[in-house]
Amino acid sequence: DKIYYNGNIIKREDAKVDIEDRGYQFADGVYEVVAFYQGEPFTLEEHMERLVFSAGEIDIETPSAETLIKEAKNYMQETGYADRNAKLYVQVSRGVASRSHAYPDGLEPVIIMKAGPLNPNPEEYFQEGVKIITLPDERWSRCYIKSIALLPNILAKKKAKQADAYEAVMSRDGFITEGSSSNIFIVEDDTIITPPATNYILNGITRQTVIDRLAPELGYEVIEESIPYYTLLKAEQVFLTGTTTEIMPVVQINDKVVGDGKVGAETKEIFKAFRELTG
Ligand code: PDD
């Protein structure tokens with residue numbers, strides 16, 4: 001296994017975290033996860049641009065998106081994943097400094113990349129749909145930043161697993177926001193609706209792919225508007241989007257069956273279009 005570490009490609013055993021790395025001590029950093037299909041990166045530019053944006057939002061200066069794209073492609077070539085389905089994790093921490101809440105100026109960020117197998121979800125999840133649970137959104141109010149501080153997300157995902165569900169979808173003040181690692185869409189009277197990209201959600205690249213590419217291609221309009229919790233519960237179709245989630249139909253919410261319990265027509269078409277794009 002090889003790791004990208006601040007411009008060098010090194011052995012996994014040689015990649016070490018300093019105990020005073022602020023990413024380790026304060027979750028002071030940002031990240032991205034990018035899928036590679038048969039060695040071809042999917043929306044790598046968008047992910048690297050978002051990484052630079054997230055870093056900028058917390059006052060971390062990174063190399064340009066173009067540089068990161070080049071480094072990521074080069075690193076993937078050096079791993080065993082050059083022509084396979086793979087997942088690339090990229091993390092930027094603010095850097096190493098003696099522990100103190102206020103960060104010193106001019107730290108050198110620690111940038112790491114790690115490739116791994118894509119590990120796609122089982123095909124039956126996509127064909128038959130999955131269950132989700134609902135939880136209150138207990139996160140901070142800057143969820144548009146892809147921060148490595150993920151405690152609420154990991155606790156929510158664990159609750160989902162314990163309930164035999166694929167994902168936990170959160171709501172804040174009576175409106176749904178997103179899943180612990182995915183965005184959410186509903187279909188109502190042939191209209192596709194998703195919560196707007198406010199500060200309360202991560203504006204997913206897969207979400208944007210549905211809105212800007214797949215839905216228009218299929219002749220659907222997507223409306224970005226707040227979805228009350230109770231509207232979600234009576235939606236005819238629900239699906240999730242995300243880099244590892246892809247397009248995931250939802251057929252059960254808590255103990256309630258969605259629609260007739262089968263994957264709906266619009267959801268199926270969007271799933272198929274996504275497959276064509278990434279296949
Ligand atoms: N998570 N919302 C949250 C909170 C997420 O963590 C993610 C992705 C998404 C979907 O974003 P995208 O379509 O750009 O992957 C939405 C990644 C995959 C993760 O944490 O592993």
# chains A, B, ... in the order shown; residues from 1 in each chain; ligands from 1

$ residues_near_ligand --ligand "ligand 1" --cutoff "10 Å" --atoms "only C-alpha atoms and all ligand atoms" --output "VMD selection string"
chain A and resid 31 to 35 43 46 to 47 50 87 to 89 139 143 to 148 150 152 to 154 169 to 170 177 to 184 200 to 210 240 to 247

$ write_last_selection --atoms "C-alpha atoms" --output "JSON list (two decimals), in the first residue's frame"
[["chain", "number", "residue", "atom", "x", "y", "z"],
["A", 31, "TYR", "CA", -11.37, 16.08, 3.25],
["A", 32, "GLU", "CA", -12.78, 14.61, 0.06],
["A", 33, "VAL", "CA", -13.69, 11.15, -1.21],
["A", 34, "VAL", "CA", -13.48, 10.60, -4.97],
["A", 35, "ALA", "CA", -14.57, 7.54, -6.93],
["A", 43, "THR", "CA", -15.80, 14.49, -11.06],
["A", 46, "GLU", "CA", -15.31, 19.28, -8.68],
["A", 47, "HIS", "CA", -14.02, 17.42, -5.63],
["A", 50, "ARG", "CA", -14.54, 21.82, -3.15],
["A", 87, "LYS", "CA", -11.91, 5.26, -3.90],
["A", 88, "LEU", "CA", -9.50, 8.08, -3.19],
["A", 89, "TYR", "CA", -9.45, 9.73, 0.24],
["A", 139, "ARG", "CA", -24.28, 19.17, 13.87],
["A", 143, "CYS", "CA", -22.17, 21.79, 7.25],
["A", 144, "TYR", "CA", -21.32, 23.09, 3.74],
["A", 145, "ILE", "CA", -17.66, 22.68, 4.76],
["A", 146, "LYS", "CA", -16.45, 19.10, 4.28],
["A", 147, "SER", "CA", -14.84, 19.02, 7.71],
["A", 148, "ILE", "CA", -13.12, 15.94, 9.17],
["A", 150, "LEU", "CA", -17.60, 13.95, 11.93],
["A", 152, "PRO", "CA", -22.44, 13.51, 14.88],
["A", 153, "ASN", "CA", -22.24, 11.79, 11.48],
["A", 154, "ILE", "CA", -20.52, 8.65, 12.71],
["A", 169, "VAL", "CA", -31.33, 11.17, 7.56],
["A", 170, "MET", "CA", -31.30, 14.18, 9.82],
["A", 177, "THR", "CA", -31.20, 18.31, 5.84],
["A", 178, "GLU", "CA", -29.23, 15.28, 4.59],
["A", 179, "GLY", "CA", -27.94, 11.84, 5.45],
["A", 180, "SER", "CA", -24.87, 11.24, 7.63],
["A", 181, "SER", "CA", -22.81, 10.82, 4.43],
["A", 182, "SER", "CA", -25.31, 11.45, 1.61],
["A", 183, "ASN", "CA", -27.85, 13.92, 0.24],
["A", 184, "ILE", "CA", -31.55, 13.23, -0.09],
["A", 200, "TYR", "CA", -26.91, 23.32, 6.74],
["A", 201, "ILE", "CA", -25.94, 20.70, 4.14],
["A", 202, "LEU", "CA", -22.93, 19.61, 2.17],
["A", 203, "ASN", "CA", -23.59, 20.45, -1.48],
["A", 204, "GLY", "CA", -22.77, 16.95, -2.72],
["A", 205, "ILE", "CA", -21.06, 16.49, -6.06],
["A", 206, "THR", "CA", -23.39, 13.56, -6.77],
["A", 207, "ARG", "CA", -26.32, 15.82, -5.80],
["A", 208, "GLN", "CA", -25.07, 18.40, -8.31],
["A", 209, "THR", "CA", -24.65, 15.69, -10.93],
["A", 210, "VAL", "CA", -28.32, 14.76, -10.54],
["A", 240, "LEU", "CA", -30.02, 9.23, -1.57],
["A", 241, "THR", "CA", -26.94, 10.44, -3.45],
["A", 242, "GLY", "CA", -23.25, 10.38, -2.62],
["A", 243, "THR", "CA", -19.85, 9.28, -3.88],
["A", 244, "THR", "CA", -20.01, 5.88, -2.17],
["A", 245, "THR", "CA", -23.83, 5.80, -2.02],
["A", 246, "GLU", "CA", -24.19, 6.58, -5.76],
["A", 247, "ILE", "CA", -27.96, 6.73, -6.42]]

$ residues_around --residues "A:Ile227" --least-positions-apart "2" --cutoff "12 Å" --atoms "only C-alpha atoms" --output "JSON, numbers by chain"
{"A": [170, 171, 172, 173, 174, 175, 176, 177, 178, 184, 185, 186, 187, 188, 192, 193, 194, 195, 196, 223, 224, 225, 229, 230, 231, 232, 233, 234, 235, 238]}

$ select_by_dssp --residues "stretch 31-276 of chain A" --states "helix (DSSP H, G or I)" --output "PyMOL selection string"
chain A and resi 44-57+65-78+123-128+151-162+205-217+229-233+265-276

$ write_last_selection --atoms "C-alpha atoms" --output "tab-separated table (two decimals), in the first residue's frame"
chain	number	residue	atom	x	y	z
A	44	LEU	CA	-12.25	14.80	-9.67
A	45	GLU	CA	-12.13	18.51	-10.62
A	46	GLU	CA	-15.31	19.28	-8.68
A	47	HIS	CA	-14.02	17.42	-5.63
A	48	MET	CA	-10.64	19.16	-5.62
A	49	GLU	CA	-12.27	22.54	-6.10
A	50	ARG	CA	-14.54	21.82	-3.15
A	51	LEU	CA	-11.51	20.75	-1.08
A	52	VAL	CA	-9.76	24.05	-1.77
A	53	PHE	CA	-13.03	25.87	-0.98
A	54	SER	CA	-13.59	23.97	2.31
A	55	ALA	CA	-10.00	24.64	3.36
A	56	GLY	CA	-10.37	28.33	2.52
A	57	GLU	CA	-13.54	28.56	4.62
A	65	ALA	CA	-7.14	22.59	-7.39
A	66	GLU	CA	-5.14	22.05	-10.62
A	67	THR	CA	-2.07	21.00	-8.65
A	68	LEU	CA	-4.11	18.68	-6.42
A	69	ILE	CA	-5.75	17.10	-9.49
A	70	LYS	CA	-2.34	16.41	-11.01
A	71	GLU	CA	-0.99	15.00	-7.76
A	72	ALA	CA	-4.07	12.81	-7.27
A	73	LYS	CA	-3.87	11.38	-10.81
A	74	ASN	CA	-0.17	10.74	-10.47
A	75	TYR	CA	-0.61	9.09	-7.07
A	76	MET	CA	-3.39	6.82	-8.38
A	77	GLN	CA	-1.07	5.71	-11.20
A	78	GLU	CA	1.52	4.69	-8.60
A	123	GLU	CA	-26.48	-4.72	-6.25
A	124	GLU	CA	-29.72	-5.71	-4.48
A	125	TYR	CA	-29.64	-2.44	-2.51
A	126	PHE	CA	-29.89	-0.53	-5.79
A	127	GLN	CA	-32.50	-2.86	-7.28
A	128	GLU	CA	-34.75	-3.27	-4.25
A	151	LEU	CA	-18.71	12.86	15.42
A	152	PRO	CA	-22.44	13.51	14.88
A	153	ASN	CA	-22.24	11.79	11.48
A	154	ILE	CA	-20.52	8.65	12.71
A	155	LEU	CA	-22.85	8.33	15.72
A	156	ALA	CA	-25.86	8.73	13.41
A	157	LYS	CA	-24.52	6.12	10.96
A	158	LYS	CA	-23.95	3.68	13.81
A	159	LYS	CA	-27.57	4.15	14.93
A	160	ALA	CA	-28.67	3.40	11.37
A	161	LYS	CA	-26.61	0.19	11.29
A	162	GLN	CA	-28.07	-0.86	14.65
A	205	ILE	CA	-21.06	16.49	-6.06
A	206	THR	CA	-23.39	13.56	-6.77
A	207	ARG	CA	-26.32	15.82	-5.80
A	208	GLN	CA	-25.07	18.40	-8.31
A	209	THR	CA	-24.65	15.69	-10.93
A	210	VAL	CA	-28.32	14.76	-10.54
A	211	ILE	CA	-29.50	18.38	-10.67
A	212	ASP	CA	-27.25	19.65	-13.47
A	213	ARG	CA	-26.76	16.61	-15.69
A	214	LEU	CA	-28.93	13.53	-15.09
A	215	ALA	CA	-32.32	15.12	-14.41
A	216	PRO	CA	-32.15	17.59	-17.34
A	217	GLU	CA	-31.00	14.77	-19.66
A	229	TYR	CA	-40.03	16.22	7.94
A	230	TYR	CA	-43.67	15.18	7.48
A	231	THR	CA	-43.42	15.60	3.71
A	232	LEU	CA	-40.54	13.12	3.68
A	233	LEU	CA	-42.65	10.59	5.58
A	265	ALA	CA	-39.88	4.88	-12.09
A	266	GLU	CA	-38.08	8.25	-11.82
A	267	THR	CA	-35.62	6.93	-9.28
A	268	LYS	CA	-34.89	3.93	-11.51
A	269	GLU	CA	-34.22	6.17	-14.50
A	270	ILE	CA	-31.86	8.42	-12.57
A	271	PHE	CA	-30.04	5.38	-11.22
A	272	LYS	CA	-29.69	3.99	-14.77
A	273	ALA	CA	-28.43	7.32	-16.11
A	274	PHE	CA	-25.84	7.47	-13.33
A	275	ARG	CA	-24.68	3.95	-14.20
A	276	GLU	CA	-24.27	4.97	-17.83

$ residues_around --residues "stretch 20-27 of chain A" --least-positions-apart "5" --cutoff "10 Å" --atoms "only C-alpha atoms" --output "list in words"
Gln91, Val92, Ser93, Arg94, Gly95, Val96, Ala97, Ser98, Arg99, Ser100, His101, Tyr103, Pro109, Val110, Ser147, Ile148, Ala149, Leu150 and Leu151 of chain A

$ select_by_dssp --residues "stretch 122-241 of chain A" --states "strand (DSSP E or B)" --output "VMD selection string"
chain A and resid 130 to 136 147 167 to 172 175 to 179 183 to 188 191 to 194 222 to 224 228 237 to 241

$ write_last_selection --atoms "N, CA and C atoms" --output "CSV table (one decimal), in the first residue's frame"
chain,number,residue,atom,x,y,z
A,130,VAL,N,-33.4,0.5,0.0
A,130,VAL,CA,-32.9,0.3,1.4
A,130,VAL,C,-33.8,1.0,2.4
A,131,LYS,N,-33.5,0.7,3.6
A,131,LYS,CA,-34.2,1.4,4.7
A,131,LYS,C,-33.4,2.6,5.3
A,132,ILE,N,-34.0,3.7,5.7
A,132,ILE,CA,-33.3,4.7,6.4
A,132,ILE,C,-34.0,5.0,7.7
A,133,ILE,N,-33.3,5.6,8.7
A,133,ILE,CA,-34.0,6.0,9.9
A,133,ILE,C,-33.8,7.6,9.9
A,134,THR,N,-34.6,8.2,10.8
A,134,THR,CA,-34.5,9.6,10.9
A,134,THR,C,-34.1,10.0,12.3
A,135,LEU,N,-33.3,11.1,12.3
A,135,LEU,CA,-32.7,11.5,13.6
A,135,LEU,C,-32.7,13.1,13.6
A,136,PRO,N,-32.6,13.7,14.8
A,136,PRO,CA,-32.4,15.1,14.8
A,136,PRO,C,-31.0,15.5,14.3
A,147,SER,N,-15.8,19.1,6.6
A,147,SER,CA,-14.8,19.0,7.7
A,147,SER,C,-14.6,17.6,8.1
A,167,GLU,N,-28.9,4.2,6.1
A,167,GLU,CA,-28.5,5.6,6.4
A,167,GLU,C,-29.4,6.2,7.4
A,168,ALA,N,-28.9,7.3,8.1
A,168,ALA,CA,-29.7,8.1,9.0
A,168,ALA,C,-29.8,9.4,8.4
A,169,VAL,N,-31.1,9.9,8.2
A,169,VAL,CA,-31.3,11.2,7.6
A,169,VAL,C,-31.7,12.1,8.7
A,170,MET,N,-31.1,13.3,8.7
A,170,MET,CA,-31.3,14.2,9.8
A,170,MET,C,-32.3,15.3,9.5
A,171,SER,N,-32.9,15.8,10.5
A,171,SER,CA,-33.7,17.0,10.3
A,171,SER,C,-33.5,18.1,11.4
A,172,ARG,N,-33.6,19.3,11.0
A,172,ARG,CA,-33.3,20.4,11.9
A,172,ARG,C,-34.6,21.4,11.8
A,175,PHE,N,-37.3,20.5,9.3
A,175,PHE,CA,-37.0,20.3,7.9
A,175,PHE,C,-35.8,19.3,7.8
A,176,ILE,N,-35.9,18.4,6.8
A,176,ILE,CA,-34.8,17.5,6.6
A,176,ILE,C,-33.6,18.2,6.0
A,177,THR,N,-32.4,17.7,6.4
A,177,THR,CA,-31.2,18.3,5.8
A,177,THR,C,-30.5,17.3,4.9
A,178,GLU,N,-29.9,16.3,5.4
A,178,GLU,CA,-29.2,15.3,4.6
A,178,GLU,C,-28.9,14.0,5.4
A,179,GLY,N,-28.3,13.0,4.8
A,179,GLY,CA,-27.9,11.8,5.5
A,179,GLY,C,-26.6,12.1,6.1
A,183,ASN,N,-26.8,12.9,0.4
A,183,ASN,CA,-27.8,13.9,0.2
A,183,ASN,C,-29.1,13.2,-0.1
A,184,ILE,N,-30.2,13.9,0.1
A,184,ILE,CA,-31.6,13.2,-0.1
A,184,ILE,C,-32.4,14.0,-1.1
A,185,PHE,N,-33.2,13.2,-1.9
A,185,PHE,CA,-34.1,13.7,-2.8
A,185,PHE,C,-35.5,13.0,-2.6
A,186,ILE,N,-36.6,13.7,-2.9
A,186,ILE,CA,-37.9,13.0,-2.9
A,186,ILE,C,-38.5,13.2,-4.3
A,187,VAL,N,-39.4,12.4,-4.7
A,187,VAL,CA,-40.2,12.5,-5.9
A,187,VAL,C,-41.7,12.6,-5.5
A,188,GLU,N,-42.3,13.7,-5.9
A,188,GLU,CA,-43.7,13.9,-5.5
A,188,GLU,C,-44.5,14.4,-6.7
A,191,THR,N,-42.5,15.4,-9.6
A,191,THR,CA,-41.5,16.5,-9.4
A,191,THR,C,-40.4,16.0,-8.4
A,192,ILE,N,-39.1,16.3,-8.8
A,192,ILE,CA,-38.0,15.9,-8.0
A,192,ILE,C,-37.6,17.1,-7.1
A,193,ILE,N,-37.6,16.8,-5.8
A,193,ILE,CA,-37.3,17.9,-4.9
A,193,ILE,C,-36.1,17.5,-4.0
A,194,THR,N,-35.3,18.5,-3.7
A,194,THR,CA,-34.1,18.3,-2.8
A,194,THR,C,-33.9,19.5,-1.9
A,222,VAL,N,-35.5,19.7,-11.3
A,222,VAL,CA,-35.4,19.5,-9.9
A,222,VAL,C,-35.6,20.8,-9.2
A,223,ILE,N,-36.5,20.7,-8.2
A,223,ILE,CA,-36.8,21.9,-7.4
A,223,ILE,C,-36.0,21.8,-6.1
A,224,GLU,N,-35.2,22.9,-5.8
A,224,GLU,CA,-34.5,22.9,-4.6
A,224,GLU,C,-35.3,23.7,-3.6
A,228,PRO,N,-40.3,19.7,4.6
A,228,PRO,CA,-40.7,19.4,6.0
A,228,PRO,C,-40.5,17.9,6.3
A,237,GLN,N,-41.6,8.6,-3.5
A,237,GLN,CA,-40.3,8.1,-3.8
A,237,GLN,C,-39.2,8.9,-3.0
A,238,VAL,N,-38.2,8.2,-2.6
A,238,VAL,CA,-37.1,8.8,-1.9
A,238,VAL,C,-35.8,8.2,-2.4
A,239,PHE,N,-34.8,9.0,-2.7
A,239,PHE,CA,-33.5,8.4,-2.9
A,239,PHE,C,-32.3,9.2,-2.3
A,240,LEU,N,-31.2,8.6,-2.1
A,240,LEU,CA,-30.0,9.2,-1.6
A,240,LEU,C,-29.0,9.3,-2.7
A,241,THR,N,-28.1,10.3,-2.5
A,241,THR,CA,-26.9,10.4,-3.4
A,241,THR,C,-25.6,10.6,-2.7

$ atom_distance --atom1 "atom CA of A:Phe36" --atom2 "atom CA of A:Gly129"
23.6 Å

$ closest_residue --among "A:Ile10, A:Val263, A:Val30, A:Met248" --to "A:Asp59" --atoms "only C-alpha atoms"
A:Val30

$ atom_distance --atom1 "atom CA of A:Ala163" --atom2 "atom CA of A:Gln252"
11.8 Å

$ atom_distance --atom1 "atom CA of A:Val17" --atom2 "atom CA of A:Ile58"
20.9 Å

$ residues_around --residues "A:Thr79" --least-positions-apart "4" --cutoff "9 Å" --atoms "only C-alpha atoms" --output "list in words"
Asp1, Lys2, Ile3, Tyr75 and Ala115 of chain A

$ closest_residue --among "A:Pro249, A:Gly219, A:Pro63, A:Gly264" --to "A:Glu236" --atoms "only C-alpha atoms"
A:Gly264

$ decode --residues "stretch 173-274 of chain A" --atoms "C-alpha atoms" --output "PDB file, in the first residue's frame"
ATOM      1  CA  ASP A 173     -36.247  22.636  13.025  1.00  0.00           C
ATOM      2  CA  GLY A 174     -38.766  20.387  11.290  1.00  0.00           C
ATOM      3  CA  PHE A 175     -36.992  20.270   7.916  1.00  0.00           C
ATOM      4  CA  ILE A 176     -34.817  17.484   6.587  1.00  0.00           C
ATOM      5  CA  THR A 177     -31.203  18.308   5.842  1.00  0.00           C
ATOM      6  CA  GLU A 178     -29.229  15.283   4.586  1.00  0.00           C
ATOM      7  CA  GLY A 179     -27.937  11.839   5.452  1.00  0.00           C
ATOM      8  CA  SER A 180     -24.871  11.240   7.628  1.00  0.00           C
ATOM      9  CA  SER A 181     -22.815  10.820   4.433  1.00  0.00           C
ATOM     10  CA  SER A 182     -25.310  11.453   1.613  1.00  0.00           C
ATOM     11  CA  ASN A 183     -27.848  13.922   0.242  1.00  0.00           C
ATOM     12  CA  ILE A 184     -31.552  13.231  -0.086  1.00  0.00           C
ATOM     13  CA  PHE A 185     -34.145  13.676  -2.832  1.00  0.00           C
ATOM     14  CA  ILE A 186     -37.868  12.980  -2.925  1.00  0.00           C
ATOM     15  CA  VAL A 187     -40.217  12.544  -5.880  1.00  0.00           C
ATOM     16  CA  GLU A 188     -43.735  13.908  -5.494  1.00  0.00           C
ATOM     17  CA  ASP A 189     -46.270  14.090  -8.336  1.00  0.00           C
ATOM     18  CA  ASP A 190     -43.462  13.584 -10.878  1.00  0.00           C
ATOM     19  CA  THR A 191     -41.484  16.475  -9.383  1.00  0.00           C
ATOM     20  CA  ILE A 192     -38.025  15.867  -7.989  1.00  0.00           C
ATOM     21  CA  ILE A 193     -37.300  17.891  -4.865  1.00  0.00           C
ATOM     22  CA  THR A 194     -34.149  18.256  -2.755  1.00  0.00           C
ATOM     23  CA  PRO A 195     -33.258  20.608   0.101  1.00  0.00           C
ATOM     24  CA  PRO A 196     -31.424  23.753  -1.077  1.00  0.00           C
ATOM     25  CA  ALA A 197     -27.638  23.994  -0.718  1.00  0.00           C
ATOM     26  CA  THR A 198     -27.627  26.210   2.364  1.00  0.00           C
ATOM     27  CA  ASN A 199     -25.011  26.211   5.127  1.00  0.00           C
ATOM     28  CA  TYR A 200     -26.908  23.323   6.741  1.00  0.00           C
ATOM     29  CA  ILE A 201     -25.936  20.703   4.142  1.00  0.00           C
ATOM     30  CA  LEU A 202     -22.933  19.612   2.168  1.00  0.00           C
ATOM     31  CA  ASN A 203     -23.592  20.450  -1.483  1.00  0.00           C
ATOM     32  CA  GLY A 204     -22.770  16.949  -2.723  1.00  0.00           C
ATOM     33  CA  ILE A 205     -21.058  16.494  -6.064  1.00  0.00           C
ATOM     34  CA  THR A 206     -23.390  13.561  -6.768  1.00  0.00           C
ATOM     35  CA  ARG A 207     -26.317  15.823  -5.796  1.00  0.00           C
ATOM     36  CA  GLN A 208     -25.074  18.399  -8.310  1.00  0.00           C
ATOM     37  CA  THR A 209     -24.647  15.685 -10.935  1.00  0.00           C
ATOM     38  CA  VAL A 210     -28.323  14.758 -10.540  1.00  0.00           C
ATOM     39  CA  ILE A 211     -29.496  18.381 -10.666  1.00  0.00           C
ATOM     40  CA  ASP A 212     -27.249  19.653 -13.474  1.00  0.00           C
ATOM     41  CA  ARG A 213     -26.760  16.605 -15.689  1.00  0.00           C
ATOM     42  CA  LEU A 214     -28.927  13.535 -15.092  1.00  0.00           C
ATOM     43  CA  ALA A 215     -32.319  15.123 -14.406  1.00  0.00           C
ATOM     44  CA  PRO A 216     -32.148  17.589 -17.342  1.00  0.00           C
ATOM     45  CA  GLU A 217     -30.998  14.771 -19.655  1.00  0.00           C
ATOM     46  CA  LEU A 218     -34.091  12.797 -18.669  1.00  0.00           C
ATOM     47  CA  GLY A 219     -36.335  15.849 -18.981  1.00  0.00           C
ATOM     48  CA  TYR A 220     -36.974  16.277 -15.260  1.00  0.00           C
ATOM     49  CA  GLU A 221     -36.770  19.522 -13.409  1.00  0.00           C
ATOM     50  CA  VAL A 222     -35.359  19.469  -9.905  1.00  0.00           C
ATOM     51  CA  ILE A 223     -36.792  21.910  -7.399  1.00  0.00           C
ATOM     52  CA  GLU A 224     -34.480  22.935  -4.575  1.00  0.00           C
ATOM     53  CA  GLU A 225     -36.718  23.731  -1.627  1.00  0.00           C
ATOM     54  CA  SER A 226     -36.917  22.935   2.056  1.00  0.00           C
ATOM     55  CA  ILE A 227     -38.659  19.627   2.734  1.00  0.00           C
ATOM     56  CA  PRO A 228     -40.666  19.394   5.956  1.00  0.00           C
ATOM     57  CA  TYR A 229     -40.032  16.223   7.937  1.00  0.00           C
ATOM     58  CA  TYR A 230     -43.668  15.182   7.477  1.00  0.00           C
ATOM     59  CA  THR A 231     -43.422  15.596   3.710  1.00  0.00           C
ATOM     60  CA  LEU A 232     -40.542  13.125   3.683  1.00  0.00           C
ATOM     61  CA  LEU A 233     -42.648  10.594   5.579  1.00  0.00           C
ATOM     62  CA  LYS A 234     -45.402  10.689   2.955  1.00  0.00           C
ATOM     63  CA  ALA A 235     -43.205  11.000  -0.150  1.00  0.00           C
ATOM     64  CA  GLU A 236     -43.938   8.553  -2.978  1.00  0.00           C
ATOM     65  CA  GLN A 237     -40.263   8.056  -3.808  1.00  0.00           C
ATOM     66  CA  VAL A 238     -37.074   8.827  -1.925  1.00  0.00           C
ATOM     67  CA  PHE A 239     -33.452   8.392  -2.943  1.00  0.00           C
ATOM     68  CA  LEU A 240     -30.022   9.231  -1.570  1.00  0.00           C
ATOM     69  CA  THR A 241     -26.942  10.437  -3.450  1.00  0.00           C
ATOM     70  CA  GLY A 242     -23.250  10.376  -2.622  1.00  0.00           C
ATOM     71  CA  THR A 243     -19.854   9.278  -3.877  1.00  0.00           C
ATOM     72  CA  THR A 244     -20.014   5.876  -2.166  1.00  0.00           C
ATOM     73  CA  THR A 245     -23.829   5.801  -2.020  1.00  0.00           C
ATOM     74  CA  GLU A 246     -24.188   6.576  -5.758  1.00  0.00           C
ATOM     75  CA  ILE A 247     -27.959   6.726  -6.416  1.00  0.00           C
ATOM     76  CA  MET A 248     -29.633   4.718  -3.664  1.00  0.00           C
ATOM     77  CA  PRO A 249     -33.399   4.139  -3.638  1.00  0.00           C
ATOM     78  CA  VAL A 250     -35.112   4.251  -0.237  1.00  0.00           C
ATOM     79  CA  VAL A 251     -38.160   2.028   0.317  1.00  0.00           C
ATOM     80  CA  GLN A 252     -38.549   2.261   4.082  1.00  0.00           C
ATOM     81  CA  ILE A 253     -38.284   5.147   6.558  1.00  0.00           C
ATOM     82  CA  ASN A 254     -38.185   3.967  10.175  1.00  0.00           C
ATOM     83  CA  ASP A 255     -41.144   1.545  10.289  1.00  0.00           C
ATOM     84  CA  LYS A 256     -42.989   3.091   7.373  1.00  0.00           C
ATOM     85  CA  VAL A 257     -42.960   1.758   3.814  1.00  0.00           C
ATOM     86  CA  VAL A 258     -42.312   4.381   1.108  1.00  0.00           C
ATOM     87  CA  GLY A 259     -44.968   4.404  -1.653  1.00  0.00           C
ATOM     88  CA  ASP A 260     -45.771   0.841  -2.635  1.00  0.00           C
ATOM     89  CA  GLY A 261     -42.455  -0.415  -1.253  1.00  0.00           C
ATOM     90  CA  LYS A 262     -40.903  -0.736  -4.715  1.00  0.00           C
ATOM     91  CA  VAL A 263     -38.308   1.480  -6.412  1.00  0.00           C
ATOM     92  CA  GLY A 264     -40.216   4.153  -8.374  1.00  0.00           C
ATOM     93  CA  ALA A 265     -39.879   4.878 -12.087  1.00  0.00           C
ATOM     94  CA  GLU A 266     -38.085   8.246 -11.822  1.00  0.00           C
ATOM     95  CA  THR A 267     -35.618   6.929  -9.275  1.00  0.00           C
ATOM     96  CA  LYS A 268     -34.886   3.930 -11.510  1.00  0.00           C
ATOM     97  CA  GLU A 269     -34.220   6.167 -14.498  1.00  0.00           C
ATOM     98  CA  ILE A 270     -31.865   8.424 -12.570  1.00  0.00           C
ATOM     99  CA  PHE A 271     -30.038   5.375 -11.222  1.00  0.00           C
ATOM    100  CA  LYS A 272     -29.689   3.995 -14.765  1.00  0.00           C
ATOM    101  CA  ALA A 273     -28.430   7.319 -16.114  1.00  0.00           C
ATOM    102  CA  PHE A 274     -25.837   7.465 -13.331  1.00  0.00           C
TER     103      PHE A 274
END
